[in-house]
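**Q** Provided herewith: data.cif, mmCIF, C-alpha atoms.
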data_start
loop_
_atom_site.group_PDB
_atom_site.id
_atom_site.type_symbol
_atom_site.label_atom_id
_atom_site.label_comp_id
_atom_site.auth_asym_id
_atom_site.auth_seq_id
_atom_site.Cartn_x
_atom_site.Cartn_y
_atom_site.Cartn_z
ATOM 1 C CA MET A 26 0.000 0.000 0.000
ATOM 2 C CA PRO A 27 2.100 2.930 -1.210
ATOM 3 C CA LYS A 28 -0.108 5.590 0.435
ATOM 4 C CA LEU A 29 1.046 5.662 4.038
ATOM 5 C CA ASP A 30 -1.425 5.409 6.885
ATOM 6 C CA LEU A 31 0.314 7.926 9.119
ATOM 7 C CA GLU A 32 -1.993 7.271 12.050
ATOM 8 C CA ALA A 33 -0.899 3.631 12.057
ATOM 9 C CA ILE A 34 2.786 4.549 12.365
ATOM 10 C CA GLU A 35 4.121 5.103 15.875
ATOM 11 C CA GLN A 36 4.686 8.748 16.743
ATOM 12 C CA VAL A 37 7.392 9.387 19.349
ATOM 13 C CA ASN A 38 9.327 12.236 20.904
ATOM 14 C CA ARG A 39 12.276 10.103 21.971
ATOM 15 C CA THR A 40 15.758 11.531 21.718
ATOM 16 C CA GLY A 41 19.232 10.276 22.437
ATOM 17 C CA TYR A 42 20.442 13.748 23.427
ATOM 18 C CA PRO A 43 21.989 13.786 26.883
ATOM 19 C CA PRO A 44 20.527 16.214 29.421
ATOM 20 C CA PRO A 45 20.214 19.166 29.380
ATOM 21 C CA HIS A 46 20.256 19.149 25.571
ATOM 22 C CA ASP A 47 17.204 16.886 25.386
ATOM 23 C CA ALA A 48 14.774 19.402 26.860
ATOM 24 C CA ALA A 49 14.406 21.568 23.745
ATOM 25 C CA VAL A 50 13.189 18.678 21.565
ATOM 26 C CA GLN A 51 10.453 17.344 23.825
ATOM 27 C CA GLY A 52 7.914 19.028 21.549
ATOM 28 C CA ARG A 53 9.209 17.206 18.458
ATOM 29 C CA TRP A 54 6.813 14.361 17.719
ATOM 30 C CA TYR A 55 7.985 12.297 14.785
ATOM 31 C CA ARG A 56 7.211 9.248 12.733
ATOM 32 C CA ARG A 57 9.968 7.408 10.898
ATOM 33 C CA LEU A 58 8.424 6.583 7.531
ATOM 34 C CA ALA A 59 11.124 4.560 5.774
ATOM 35 C CA PRO A 60 11.124 1.399 7.919
ATOM 36 C CA PRO A 61 7.373 0.702 7.744
ATOM 37 C CA SER A 62 7.240 1.453 4.041
ATOM 38 C CA GLY A 63 10.297 -0.559 3.017
ATOM 39 C CA LEU A 64 12.490 2.328 1.883
ATOM 40 C CA THR A 65 16.218 1.815 2.383
ATOM 41 C CA ASP A 66 17.882 4.352 0.071
ATOM 42 C CA PHE A 67 17.108 7.331 2.304
ATOM 43 C CA ALA A 68 15.392 8.141 5.596
ATOM 44 C CA VAL A 69 12.150 10.118 5.900
ATOM 45 C CA SER A 70 10.576 11.568 9.011
ATOM 46 C CA HIS A 71 7.129 13.135 9.360
ATOM 47 C CA VAL A 72 7.391 15.631 12.194
ATOM 48 C CA VAL A 73 4.817 17.525 14.251
ATOM 49 C CA LEU A 74 6.624 20.349 16.029
ATOM 50 C CA LYS A 75 4.577 21.618 18.949
ATOM 51 C CA PRO A 76 4.571 25.321 19.899
ATOM 52 C CA GLY A 77 7.939 26.082 21.449
ATOM 53 C CA GLY A 78 9.510 22.908 20.118
ATOM 54 C CA TRP A 79 12.845 22.648 18.371
ATOM 55 C CA SER A 80 13.414 20.244 15.469
ATOM 56 C CA SER A 81 16.847 19.408 16.943
ATOM 57 C CA GLN A 82 19.801 21.107 18.474
ATOM 58 C CA ARG A 83 21.322 23.291 15.755
ATOM 59 C CA HIS A 84 23.482 20.793 13.871
ATOM 60 C CA TRP A 85 25.126 19.734 10.642
ATOM 61 C CA HIS A 86 26.030 16.363 9.154
ATOM 62 C CA ASP A 87 29.470 15.575 7.767
ATOM 63 C CA GLY A 88 28.226 12.828 5.457
ATOM 64 C CA GLU A 89 24.482 13.195 4.953
ATOM 65 C CA ASP A 90 22.398 15.587 2.874
ATOM 66 C CA GLU A 91 19.075 16.773 4.278
ATOM 67 C CA PHE A 92 15.937 18.161 2.635
ATOM 68 C CA LEU A 93 12.787 19.539 4.281
ATOM 69 C CA VAL A 94 9.373 20.599 3.027
ATOM 70 C CA LEU A 95 7.007 22.369 5.379
ATOM 71 C CA LEU A 96 3.379 21.216 5.246
ATOM 72 C CA GLU A 97 1.428 23.141 7.898
ATOM 73 C CA GLY A 98 1.991 26.006 10.300
ATOM 74 C CA GLU A 99 5.266 27.856 10.368
ATOM 75 C CA ALA A 100 8.701 27.686 11.934
ATOM 76 C CA VAL A 101 11.849 29.755 12.077
ATOM 77 C CA LEU A 102 14.907 28.255 10.417
ATOM 78 C CA VAL A 103 18.041 29.271 12.319
ATOM 79 C CA GLU A 104 21.496 29.011 10.789
ATOM 80 C CA ASP A 105 24.785 30.923 11.040
ATOM 81 C CA ALA A 106 23.490 33.689 8.759
ATOM 82 C CA GLY A 107 20.378 34.287 10.840
ATOM 83 C CA ARG A 108 16.664 33.523 10.880
ATOM 84 C CA THR A 109 14.354 32.647 7.991
ATOM 85 C CA MET A 110 10.614 32.031 8.331
ATOM 86 C CA LEU A 111 9.381 28.834 6.685
ATOM 87 C CA ARG A 112 5.737 28.482 5.697
ATOM 88 C CA PRO A 113 3.639 25.799 3.956
ATOM 89 C CA GLY A 114 5.167 24.755 0.663
ATOM 90 C CA ASP A 115 8.590 26.128 1.550
ATOM 91 C CA CYS A 116 11.536 23.829 0.899
ATOM 92 C CA ALA A 117 15.005 23.888 2.441
ATOM 93 C CA ALA A 118 18.108 21.868 1.620
ATOM 94 C CA TRP A 119 21.275 21.290 3.622
ATOM 95 C CA PRO A 120 24.163 19.680 1.793
ATOM 96 C CA LYS A 121 26.491 17.634 3.947
ATOM 97 C CA GLY A 122 29.695 18.963 5.412
ATOM 98 C CA THR A 123 29.105 22.708 5.474
ATOM 99 C CA GLY A 124 29.693 23.101 9.203
ATOM 100 C CA ASP A 125 26.778 25.577 9.202
ATOM 101 C CA GLY A 126 24.284 24.256 11.706
ATOM 102 C CA HIS A 127 20.533 24.478 11.210
ATOM 103 C CA HIS A 128 17.350 23.784 13.080
ATOM 104 C CA LEU A 129 13.719 24.863 13.142
ATOM 105 C CA ILE A 130 11.982 26.493 16.088
ATOM 106 C CA ASN A 131 8.222 26.710 16.298
ATOM 107 C CA GLU A 132 7.651 30.150 17.772
ATOM 108 C CA SER A 133 3.958 30.125 16.836
ATOM 109 C CA GLU A 134 0.889 29.113 18.815
ATOM 110 C CA ARG A 135 -0.028 26.155 16.599
ATOM 111 C CA ASP A 136 1.533 22.918 15.469
ATOM 112 C CA CYS A 137 4.027 22.984 12.623
ATOM 113 C CA ILE A 138 4.207 19.897 10.402
ATOM 114 C CA PHE A 139 7.053 19.044 8.052
ATOM 115 C CA VAL A 140 8.653 16.139 6.221
ATOM 116 C CA VAL A 141 12.427 15.793 6.312
ATOM 117 C CA VAL A 142 14.592 13.477 4.205
ATOM 118 C CA GLY A 143 18.160 12.387 4.925
ATOM 119 C CA GLY A 144 20.560 10.327 2.872
ATOM 120 C CA GLY A 145 24.236 9.538 2.503
ATOM 121 C CA GLU A 146 26.823 8.106 4.861
ATOM 122 C CA GLN A 147 26.938 8.487 8.607
ATOM 123 C CA ARG A 148 30.224 10.280 9.151
ATOM 124 C CA GLY A 149 29.201 12.218 12.222
ATOM 125 C CA GLY A 150 28.639 15.925 12.583
ATOM 126 C CA GLY A 151 28.396 18.691 15.094
ATOM 127 C CA TYR A 152 26.307 21.225 16.966
ATOM 128 C CA SER A 153 26.706 24.942 16.564
ATOM 129 C CA ASP A 154 25.532 26.250 19.916
ATOM 130 C CA ILE A 155 26.476 23.584 22.461
ATOM 131 C CA ASP A 156 29.576 21.605 23.421
ATOM 132 C CA MET A 157 28.657 18.454 21.515
ATOM 133 C CA LEU A 158 29.559 16.437 18.427
ATOM 134 C CA PHE A 159 28.288 13.115 17.139
ATOM 135 C CA THR A 160 30.618 10.435 15.863
ATOM 136 C CA PRO A 161 30.162 8.205 12.793
ATOM 137 C CA ASP A 162 29.002 5.407 15.091
ATOM 138 C CA GLY A 163 26.448 7.652 16.785
ATOM 139 C CA GLN A 164 28.133 8.513 20.069
ATOM 140 C CA TYR A 165 27.654 11.958 21.569
ATOM 141 C CA ILE A 166 30.942 13.476 22.669
ATOM 142 C CA ARG A 167 32.159 16.855 23.855
ATOM 143 C CA LYS A 168 34.410 18.891 21.607
ATOM 144 C CA ASP A 169 37.408 17.799 23.715
ATOM 145 C CA GLY A 170 36.516 14.185 22.879
ATOM 146 C CA THR A 171 35.103 13.107 26.236
ATOM 147 C CA PRO A 172 31.960 11.012 25.876
ATOM 148 C CA TYR A 173 28.533 11.952 27.138
ATOM 149 C CA GLY A 174 27.681 8.260 27.476
ATOM 150 C CA ALA A 175 24.688 8.790 25.199
ATOM 151 C CA THR A 176 23.906 7.390 21.786
ATOM 152 C CA ARG A 177 22.150 9.002 18.848
ATOM 153 C CA ARG A 178 18.691 7.833 17.768
ATOM 154 C CA PRO A 179 18.041 5.042 20.210
ATOM 155 C CA ASP A 180 14.509 4.632 18.818
ATOM 156 C CA MET B 12 20.855 29.744 1.534
ATOM 157 C CA PRO B 13 19.094 26.611 2.710
ATOM 158 C CA LYS B 14 15.568 27.922 2.041
ATOM 159 C CA LEU B 15 15.076 27.398 -1.657
ATOM 160 C CA ASP B 16 13.840 30.207 -3.878
ATOM 161 C CA LEU B 17 11.597 28.040 -6.018
ATOM 162 C CA GLU B 18 10.774 30.858 -8.421
ATOM 163 C CA ALA B 19 14.471 31.187 -9.234
ATOM 164 C CA ILE B 20 14.758 27.525 -10.227
ATOM 165 C CA GLU B 21 13.892 26.652 -13.812
ATOM 166 C CA GLN B 22 10.545 24.928 -14.200
ATOM 167 C CA VAL B 23 10.272 22.635 -17.219
ATOM 168 C CA ASN B 24 7.940 20.061 -18.720
ATOM 169 C CA ARG B 25 10.626 18.308 -20.729
ATOM 170 C CA THR B 26 10.506 14.548 -21.061
ATOM 171 C CA GLY B 27 12.644 11.939 -22.724
ATOM 172 C CA TYR B 28 9.636 9.703 -23.403
ATOM 173 C CA PRO B 29 9.339 8.804 -27.082
ATOM 174 C CA PRO B 30 6.041 9.654 -28.810
ATOM 175 C CA PRO B 31 3.252 8.862 -28.243
ATOM 176 C CA HIS B 32 4.155 8.225 -24.592
ATOM 177 C CA ASP B 33 5.257 11.826 -24.077
ATOM 178 C CA ALA B 34 1.800 13.357 -24.552
ATOM 179 C CA ALA B 35 0.404 12.409 -21.136
ATOM 180 C CA VAL B 36 3.149 14.240 -19.219
ATOM 181 C CA GLN B 37 2.952 17.608 -20.982
ATOM 182 C CA GLY B 38 1.098 18.946 -17.943
ATOM 183 C CA ARG B 39 3.888 17.940 -15.554
ATOM 184 C CA TRP B 40 5.885 21.081 -14.758
ATOM 185 C CA TYR B 41 8.831 20.294 -12.521
ATOM 186 C CA ARG B 42 11.839 21.803 -10.856
ATOM 187 C CA ARG B 43 14.853 19.659 -9.997
ATOM 188 C CA LEU B 44 15.863 20.850 -6.538
ATOM 189 C CA ALA B 45 19.000 18.847 -5.775
ATOM 190 C CA PRO B 46 21.410 20.347 -8.342
ATOM 191 C CA PRO B 47 20.855 24.020 -7.422
ATOM 192 C CA SER B 48 20.960 23.269 -3.703
ATOM 193 C CA GLY B 49 24.049 21.048 -3.754
ATOM 194 C CA LEU B 50 22.375 17.800 -2.697
ATOM 195 C CA THR B 51 23.948 14.647 -4.114
ATOM 196 C CA ASP B 52 22.695 11.832 -1.853
ATOM 197 C CA PHE B 53 19.212 11.793 -3.376
ATOM 198 C CA ALA B 54 17.158 13.581 -6.027
ATOM 199 C CA VAL B 55 14.217 15.872 -5.269
ATOM 200 C CA SER B 56 11.658 17.282 -7.682
ATOM 201 C CA HIS B 57 9.016 19.925 -6.984
ATOM 202 C CA VAL B 58 6.163 19.211 -9.385
ATOM 203 C CA VAL B 59 3.103 21.180 -10.466
ATOM 204 C CA LEU B 60 0.710 18.778 -12.161
ATOM 205 C CA LYS B 61 -1.789 20.641 -14.293
ATOM 206 C CA PRO B 62 -5.393 19.439 -14.609
ATOM 207 C CA GLY B 63 -5.347 16.307 -16.751
ATOM 208 C CA GLY B 64 -1.616 15.825 -16.340
ATOM 209 C CA TRP B 65 0.127 12.592 -15.446
ATOM 210 C CA SER B 66 3.173 12.509 -13.169
ATOM 211 C CA SER B 67 4.734 9.895 -15.479
ATOM 212 C CA GLN B 68 3.801 6.805 -17.367
ATOM 213 C CA ARG B 69 2.917 4.181 -14.769
ATOM 214 C CA HIS B 70 6.364 2.828 -13.837
ATOM 215 C CA TRP B 71 8.605 1.197 -11.282
ATOM 216 C CA HIS B 72 12.327 1.376 -10.555
ATOM 217 C CA ASP B 73 14.501 -1.707 -10.144
ATOM 218 C CA GLY B 74 17.129 0.075 -8.049
ATOM 219 C CA GLU B 75 15.670 3.298 -6.664
ATOM 220 C CA ASP B 76 13.255 3.995 -3.824
ATOM 221 C CA GLU B 77 10.756 6.826 -4.241
ATOM 222 C CA PHE B 78 8.821 8.932 -1.733
ATOM 223 C CA LEU B 79 6.153 11.573 -2.385
ATOM 224 C CA VAL B 80 4.344 14.110 -0.233
ATOM 225 C CA LEU B 81 1.401 16.000 -1.687
ATOM 226 C CA LEU B 82 1.299 19.733 -0.928
ATOM 227 C CA GLU B 83 -1.696 21.234 -2.721
ATOM 228 C CA GLY B 84 -4.698 20.041 -4.703
ATOM 229 C CA GLU B 85 -5.323 16.369 -5.227
ATOM 230 C CA ALA B 86 -4.398 13.526 -7.546
ATOM 231 C CA VAL B 87 -5.293 9.904 -8.068
ATOM 232 C CA LEU B 88 -2.541 7.383 -7.400
ATOM 233 C CA VAL B 89 -2.865 4.444 -9.780
ATOM 234 C CA GLU B 90 -1.156 1.131 -9.124
ATOM 235 C CA ASP B 91 -1.884 -2.554 -9.822
ATOM 236 C CA ALA B 92 -4.327 -2.738 -6.911
ATOM 237 C CA GLY B 93 -6.369 0.225 -8.115
ATOM 238 C CA ARG B 94 -6.899 3.898 -7.436
ATOM 239 C CA THR B 95 -6.207 5.899 -4.256
ATOM 240 C CA MET B 96 -6.938 9.608 -3.827
ATOM 241 C CA LEU B 97 -4.023 11.663 -2.452
ATOM 242 C CA ARG B 98 -4.691 14.980 -0.729
ATOM 243 C CA PRO B 99 -2.516 17.616 1.000
ATOM 244 C CA GLY B 100 -0.303 16.067 3.644
ATOM 245 C CA ASP B 101 -0.637 12.568 2.227
ATOM 246 C CA CYS B 102 2.585 10.615 1.821
ATOM 247 C CA ALA B 103 3.319 7.658 -0.436
ATOM 248 C CA ALA B 104 6.378 5.420 -0.673
ATOM 249 C CA TRP B 105 7.489 3.046 -3.400
ATOM 250 C CA PRO B 106 10.332 0.713 -2.562
ATOM 251 C CA LYS B 107 12.483 -0.333 -5.469
ATOM 252 C CA GLY B 108 11.976 -3.538 -7.399
ATOM 253 C CA THR B 109 8.346 -4.357 -6.733
ATOM 254 C CA GLY B 110 7.328 -4.438 -10.392
ATOM 255 C CA ASP B 111 4.111 -2.680 -9.328
ATOM 256 C CA GLY B 112 3.929 0.481 -11.392
ATOM 257 C CA HIS B 113 2.612 3.750 -10.030
ATOM 258 C CA HIS B 114 1.766 7.223 -11.220
ATOM 259 C CA LEU B 115 -0.438 10.155 -10.284
ATOM 260 C CA ILE B 116 -3.169 11.615 -12.467
ATOM 261 C CA ASN B 117 -4.650 15.015 -11.783
ATOM 262 C CA GLU B 118 -8.337 14.497 -12.528
ATOM 263 C CA SER B 119 -9.315 17.747 -10.775
ATOM 264 C CA GLU B 120 -9.844 21.240 -12.157
ATOM 265 C CA ARG B 121 -6.939 22.834 -10.286
ATOM 266 C CA ASP B 122 -3.199 22.408 -10.056
ATOM 267 C CA CYS B 123 -1.787 19.660 -7.874
ATOM 268 C CA ILE B 124 1.610 20.269 -6.266
ATOM 269 C CA PHE B 125 3.861 17.613 -4.793
ATOM 270 C CA VAL B 126 7.468 16.928 -3.851
ATOM 271 C CA VAL B 127 9.018 13.602 -4.849
ATOM 272 C CA VAL B 128 12.334 12.142 -3.676
ATOM 273 C CA GLY B 129 14.336 9.381 -5.341
ATOM 274 C CA GLY B 130 17.482 7.624 -4.240
ATOM 275 C CA GLY B 131 19.489 4.496 -4.839
ATOM 276 C CA GLU B 132 21.128 3.006 -7.920
ATOM 277 C CA GLN B 133 19.973 3.348 -11.490
ATOM 278 C CA ARG B 134 19.272 -0.241 -12.462
ATOM 279 C CA GLY B 135 16.461 0.481 -14.887
ATOM 280 C CA GLY B 136 12.798 -0.299 -14.535
ATOM 281 C CA GLY B 137 9.606 -0.696 -16.459
ATOM 282 C CA TYR B 138 6.179 0.577 -17.381
ATOM 283 C CA SER B 139 2.985 -1.220 -16.506
ATOM 284 C CA ASP B 140 0.658 -0.105 -19.271
ATOM 285 C CA ILE B 141 2.840 0.407 -22.340
ATOM 286 C CA ASP B 142 5.454 -1.558 -24.284
ATOM 287 C CA MET B 143 8.469 0.139 -22.713
ATOM 288 C CA LEU B 144 11.312 -0.432 -20.269
ATOM 289 C CA PHE B 145 14.234 1.777 -19.268
ATOM 290 C CA THR B 146 17.756 0.405 -18.992
ATOM 291 C CA PRO B 147 20.334 1.172 -16.275
ATOM 292 C CA ASP B 148 21.995 3.635 -18.655
ATOM 293 C CA GLY B 149 18.720 5.427 -19.356
ATOM 294 C CA GLN B 150 17.731 4.065 -22.758
ATOM 295 C CA TYR B 151 14.079 3.477 -23.566
ATOM 296 C CA ILE B 152 13.521 0.060 -25.129
ATOM 297 C CA ARG B 153 10.562 -2.103 -26.041
ATOM 298 C CA LYS B 154 9.940 -5.261 -24.064
ATOM 299 C CA ASP B 155 11.464 -7.294 -26.942
ATOM 300 C CA GLY B 156 14.662 -5.259 -26.482
ATOM 301 C CA THR B 157 14.429 -3.053 -29.553
ATOM 302 C CA PRO B 158 15.382 0.551 -28.813
ATOM 303 C CA TYR B 159 13.109 3.551 -29.111
ATOM 304 C CA GLY B 160 16.130 5.744 -29.822
ATOM 305 C CA ALA B 161 15.172 7.929 -26.877
ATOM 306 C CA THR B 162 16.985 8.648 -23.632
ATOM 307 C CA ARG B 163 15.582 9.183 -20.183
ATOM 308 C CA ARG B 164 15.780 12.613 -18.563
ATOM 309 C CA PRO B 165 17.582 14.597 -21.217
ATOM 310 C CA ASP B 166 17.214 17.759 -19.148
#
Please render this file's structure as structure tokens.
**A**
Amino acid sequence: MPKLDLEAIEQVNRTGYPPPHDAAVQGRWYRRLAPPSGLTDFAVSHVVLKPGGWSSQRHWHDGEDEFLVLLEGEAVLVEDAGRTMLRPGDCAAWPKGTGDGHHLINESERDCIFVVVGGGEQRGGGYSDIDMLFTPDGQYIRKDGTPYGATRRPD
Amino acid sequence: MPKLDLEAIEQVNRTGYPPPHDAAVQGRWYRRLAPPSGLTDFAVSHVVLKPGGWSSQRHWHDGEDEFLVLLEGEAVLVEDAGRTMLRPGDCAAWPKGTGDGHHLINESERDCIFVVVGGGEQRGGGYSDIDMLFTPDGQYIRKDGTPYGATRRPD
């Protein structure tokens, strides 16, 4: 059945971020769409970002491209150059390896819904605003290399 | 600039389909988003499907997964099992290699807009309703192997 029954796919707000970096993404409720639909060439998440929620800590990937299309509501895209409002139908693309972190913040009073796609190789990446990196094998570490003892995407 | 300026990206209705198979997709106006945004891990197209337009001949890929999210309007998804209406926010996924062809037809009176993502390896594929296949190197051939003398995606 190629049309996805979104309601039948588990929606979670789990995160592997160690405290206190996990607090900002509690309002990020997502469904991973690739596993239940049999896709293996790229990952797709359907995300409901509650008012006040962040899509992630502001991050980049060293080996994975990302693409987002916003479906409902609005959110502020934050990157090194500043803030950009995203509204329904808006698309954004983040090539791997730029070192310019990005995330979305829902500063509105209503839910924001978007679909985000990721592909490529897991080579780690980093966070722009906090003392954290992620390694190719998904470990969270500080910029001096000491581990947080937390693992990315435990779900 | 991660937010894409869609209006600045060329919108075309080109097709490599040989006649008469090209006629049905004249109302498919698309923008390829990956090249101008620097994405290389997967392909993304933003498509405006005019009333009466088909997204493609009904096809499958042997080596590439596809994912679609509908943004505006509506279209009928056609596959072996029948017809399914897709509306804004609906998502559909087509894993590679099923041999079950799919396409969208805009049977409404207004434009339908969707984003479609493809990734994986070009290993060719086929068409469900016409005497045509496409080879891993993008040649259109009949099911008896004779070439059409036409190449996929000349744009």
**Q** Any idea what's packed within 10 Å of stretch 133-141 of chain B, counting only C-alpha atoms, ignoring anything in its chain fewer than 2 positions away? Could you give it as JSON, numbers by chain?
**A** {"B": [32, 67, 68, 69, 70, 71, 72, 73, 74, 75, 90, 91, 107, 108, 109, 110, 111, 112, 113, 130, 131, 143, 144, 145, 146, 147, 148, 149, 150, 151, 152, 153, 154]}
**Q** Please report as a VMD selection string which residues of chain A come no farther than 8 Å from chain B, using only C-alpha atoms.
**A** chain A and resid 27 to 29 62 to 67 89 to 91 96 109 111 114 to 121 144 to 145
**Q** Over all C-alpha pairs taken in sequence order, what does chain A look like after a least-squares fit onto chain B? Please give it as a short mmCIF file (atom, residue, chain, number, x, y, z; two decimals) with C-alpha atoms, keeping the file's coordinate frame.
**A**
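This is the output file part16.cif:
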data_model
loop_
_atom_site.label_atom_id
_atom_site.label_comp_id
_atom_site.auth_asym_id
_atom_site.auth_seq_id
_atom_site.Cartn_x
_atom_site.Cartn_y
_atom_site.Cartn_z
CA MET A 26 20.83 29.82 1.59
CA PRO A 27 19.11 26.62 2.73
CA LYS A 28 15.57 27.93 2.07
CA LEU A 29 15.07 27.41 -1.65
CA ASP A 30 13.84 30.21 -3.86
CA LEU A 31 11.60 28.04 -6.01
CA GLU A 32 10.77 30.86 -8.41
CA ALA A 33 14.47 31.20 -9.23
CA ILE A 34 14.77 27.53 -10.22
CA GLU A 35 13.90 26.66 -13.81
CA GLN A 36 10.55 24.93 -14.20
CA VAL A 37 10.27 22.63 -17.23
CA ASN A 38 7.94 20.05 -18.71
CA ARG A 39 10.62 18.30 -20.74
CA THR A 40 10.52 14.54 -21.07
CA GLY A 41 12.65 11.93 -22.75
CA TYR A 42 9.64 9.70 -23.43
CA PRO A 43 9.33 8.81 -27.10
CA PRO A 44 6.05 9.66 -28.83
CA PRO A 45 3.25 8.85 -28.26
CA HIS A 46 4.14 8.22 -24.61
CA ASP A 47 5.25 11.82 -24.09
CA ALA A 48 1.81 13.36 -24.56
CA ALA A 49 0.41 12.41 -21.14
CA VAL A 50 3.16 14.24 -19.22
CA GLN A 51 2.96 17.60 -20.98
CA GLY A 52 1.10 18.95 -17.95
CA ARG A 53 3.90 17.94 -15.56
CA TRP A 54 5.89 21.07 -14.75
CA TYR A 55 8.83 20.30 -12.52
CA ARG A 56 11.83 21.80 -10.85
CA ARG A 57 14.85 19.67 -10.00
CA LEU A 58 15.86 20.86 -6.54
CA ALA A 59 19.00 18.85 -5.78
CA PRO A 60 21.41 20.35 -8.34
CA PRO A 61 20.85 24.02 -7.42
CA SER A 62 20.96 23.28 -3.72
CA GLY A 63 24.04 21.06 -3.74
CA LEU A 64 22.38 17.81 -2.70
CA THR A 65 23.96 14.66 -4.11
CA ASP A 66 22.71 11.84 -1.87
CA PHE A 67 19.22 11.80 -3.37
CA ALA A 68 17.16 13.59 -6.02
CA VAL A 69 14.21 15.88 -5.27
CA SER A 70 11.66 17.28 -7.67
CA HIS A 71 9.01 19.92 -6.98
CA VAL A 72 6.17 19.21 -9.37
CA VAL A 73 3.12 21.19 -10.47
CA LEU A 74 0.72 18.78 -12.15
CA LYS A 75 -1.78 20.64 -14.29
CA PRO A 76 -5.39 19.44 -14.62
CA GLY A 77 -5.33 16.31 -16.76
CA GLY A 78 -1.60 15.83 -16.33
CA TRP A 79 0.13 12.60 -15.45
CA SER A 80 3.18 12.50 -13.17
CA SER A 81 4.74 9.90 -15.50
CA GLN A 82 3.81 6.80 -17.38
CA ARG A 83 2.92 4.18 -14.77
CA HIS A 84 6.35 2.82 -13.84
CA TRP A 85 8.59 1.20 -11.27
CA HIS A 86 12.32 1.38 -10.58
CA ASP A 87 14.49 -1.70 -10.15
CA GLY A 88 17.12 0.08 -8.07
CA GLU A 89 15.67 3.30 -6.68
CA ASP A 90 13.26 4.00 -3.83
CA GLU A 91 10.76 6.83 -4.24
CA PHE A 92 8.83 8.94 -1.73
CA LEU A 93 6.15 11.58 -2.38
CA VAL A 94 4.34 14.12 -0.24
CA LEU A 95 1.41 16.01 -1.68
CA LEU A 96 1.30 19.74 -0.91
CA GLU A 97 -1.71 21.23 -2.71
CA GLY A 98 -4.69 20.04 -4.70
CA GLU A 99 -5.33 16.37 -5.22
CA ALA A 100 -4.39 13.53 -7.54
CA VAL A 101 -5.29 9.91 -8.07
CA LEU A 102 -2.53 7.39 -7.40
CA VAL A 103 -2.86 4.45 -9.78
CA GLU A 104 -1.14 1.14 -9.14
CA ASP A 105 -1.86 -2.54 -9.83
CA ALA A 106 -4.31 -2.73 -6.91
CA GLY A 107 -6.35 0.23 -8.11
CA ARG A 108 -6.88 3.92 -7.42
CA THR A 109 -6.19 5.90 -4.26
CA MET A 110 -6.93 9.61 -3.83
CA LEU A 111 -4.03 11.66 -2.47
CA ARG A 112 -4.68 14.97 -0.74
CA PRO A 113 -2.52 17.61 0.99
CA GLY A 114 -0.31 16.08 3.64
CA ASP A 115 -0.65 12.57 2.23
CA CYS A 116 2.58 10.62 1.82
CA ALA A 117 3.32 7.66 -0.44
CA ALA A 118 6.37 5.43 -0.67
CA TRP A 119 7.49 3.05 -3.41
CA PRO A 120 10.33 0.71 -2.56
CA LYS A 121 12.49 -0.33 -5.48
CA GLY A 122 11.99 -3.53 -7.41
CA THR A 123 8.35 -4.35 -6.75
CA GLY A 124 7.34 -4.45 -10.40
CA ASP A 125 4.11 -2.69 -9.35
CA GLY A 126 3.93 0.47 -11.40
CA HIS A 127 2.60 3.75 -10.03
CA HIS A 128 1.77 7.22 -11.22
CA LEU A 129 -0.43 10.16 -10.28
CA ILE A 130 -3.16 11.61 -12.46
CA ASN A 131 -4.65 15.01 -11.78
CA GLU A 132 -8.32 14.50 -12.53
CA SER A 133 -9.30 17.75 -10.79
CA GLU A 134 -9.83 21.24 -12.15
CA ARG A 135 -6.92 22.83 -10.28
CA ASP A 136 -3.18 22.41 -10.05
CA CYS A 137 -1.78 19.65 -7.87
CA ILE A 138 1.61 20.27 -6.26
CA PHE A 139 3.87 17.61 -4.78
CA VAL A 140 7.47 16.92 -3.84
CA VAL A 141 9.01 13.61 -4.84
CA VAL A 142 12.32 12.14 -3.67
CA GLY A 143 14.33 9.39 -5.34
CA GLY A 144 17.48 7.62 -4.24
CA GLY A 145 19.49 4.49 -4.84
CA GLU A 146 21.12 3.01 -7.92
CA GLN A 147 19.96 3.36 -11.49
CA ARG A 148 19.28 -0.23 -12.48
CA GLY A 149 16.47 0.48 -14.89
CA GLY A 150 12.80 -0.31 -14.53
CA GLY A 151 9.62 -0.71 -16.46
CA TYR A 152 6.18 0.56 -17.39
CA SER A 153 3.00 -1.24 -16.51
CA ASP A 154 0.65 -0.11 -19.26
CA ILE A 155 2.83 0.40 -22.34
CA ASP A 156 5.44 -1.56 -24.28
CA MET A 157 8.46 0.14 -22.73
CA LEU A 158 11.31 -0.43 -20.28
CA PHE A 159 14.23 1.76 -19.27
CA THR A 160 17.74 0.41 -18.99
CA PRO A 161 20.33 1.16 -16.29
CA ASP A 162 21.99 3.62 -18.67
CA GLY A 163 18.71 5.40 -19.37
CA GLN A 164 17.73 4.05 -22.77
CA TYR A 165 14.08 3.46 -23.57
CA ILE A 166 13.52 0.06 -25.13
CA ARG A 167 10.55 -2.11 -26.02
CA LYS A 168 9.94 -5.28 -24.06
CA ASP A 169 11.44 -7.29 -26.93
CA GLY A 170 14.65 -5.28 -26.49
CA THR A 171 14.42 -3.06 -29.57
CA PRO A 172 15.38 0.54 -28.83
CA TYR A 173 13.11 3.53 -29.12
CA GLY A 174 16.13 5.72 -29.83
CA ALA A 175 15.18 7.91 -26.87
CA THR A 176 16.98 8.61 -23.64
CA ARG A 177 15.59 9.16 -20.16
CA ARG A 178 15.77 12.59 -18.52
CA PRO A 179 17.56 14.60 -21.15
CA ASP A 180 17.09 17.77 -19.08
#
**Q** Just give me the gap between atom CA of B:Ile116 and atom CA of B:Asn24 in Å, one decimal is fine.
**A** 15.3 Å
**Q** Could you tell me which of B:Ser66, B:Thr26, B:Ser56, B:Gln37 comes closest to B:Cys123 if we count all atoms listed in the file?
**A**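 The closest residue to B:Cys123 is B:Ser66.
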